[in-house]
Amino acid sequence: MSTPVDAEQAWKDLQRIRVPQERVYDEIERRASDGPGAAYATAAIMWVFLAGLGLDLPRWGVWLVVAAYVGLLSGLAVIFSRRSRVRL
């Protein structure tokens, strides 16, 4: 017991669903190809963090370095998440 399916209506429904989805994928691919800026910035922050931990710092200095590291990564995430919003 199946319901009859109108092929023309099914095709229209498929196109209505498929086109916005492809636009989202295209926008994500375009944003991903904007450049490696976030990766380089993250690597630089991580390098400075590891270099700071290699120093002979007092306990409060270590916590200060960790707090600065988390703050910088959070700021970087905010900047690049605002920049990479999908615009359709």
# chains A, B, ... in the order shown; residues from 1 in each chain; ligands from 1

$ residues_around --residues "Leu73 in chain A" --least-positions-apart "4" --cutoff "10 Å" --atoms "only C-alpha atoms" --output "MDAnalysis selection string"
chainID A and resid 41:42 45:46 67:69 77:79

$ residues_around --residues "Leu64 in chain A" --least-positions-apart "5" --cutoff "12 Å" --atoms "only C-alpha atoms" --output "ChimeraX atom specification"
/A:49,52-53,57-59,69-71

$ closest_residue --among "A:Ile17, A:Leu76, A:Val62, A:Ala7" --to "Leu50 in chain A" --atoms "only C-alpha atoms"
A:Val62

$ atom_distance --atom1 "CA of Glu22 in chain A" --atom2 "CA of Arg82 in chain A"
21.7 Å

$ atom_distance --atom1 "CA of Val66 in chain A" --atom2 "CA of Ala44 in chain A"
14.8 Å

$ closest_residue --among "A:Phe80, A:Ala39, A:Val65, A:Glu8" --to "Ala51 in chain A" --atoms "only C-alpha atoms"
A:Val65

$ select_by_dssp --residues "range 32-64 of chain A" --states "alpha helix (DSSP H)" --output "JSON, numbers by chain"
{"A": [32, 37, 38, 39, 40, 41, 42, 43, 44, 45, 46, 47, 48, 49, 50, 51, 52, 53, 59, 60, 61, 62, 63, 64]}
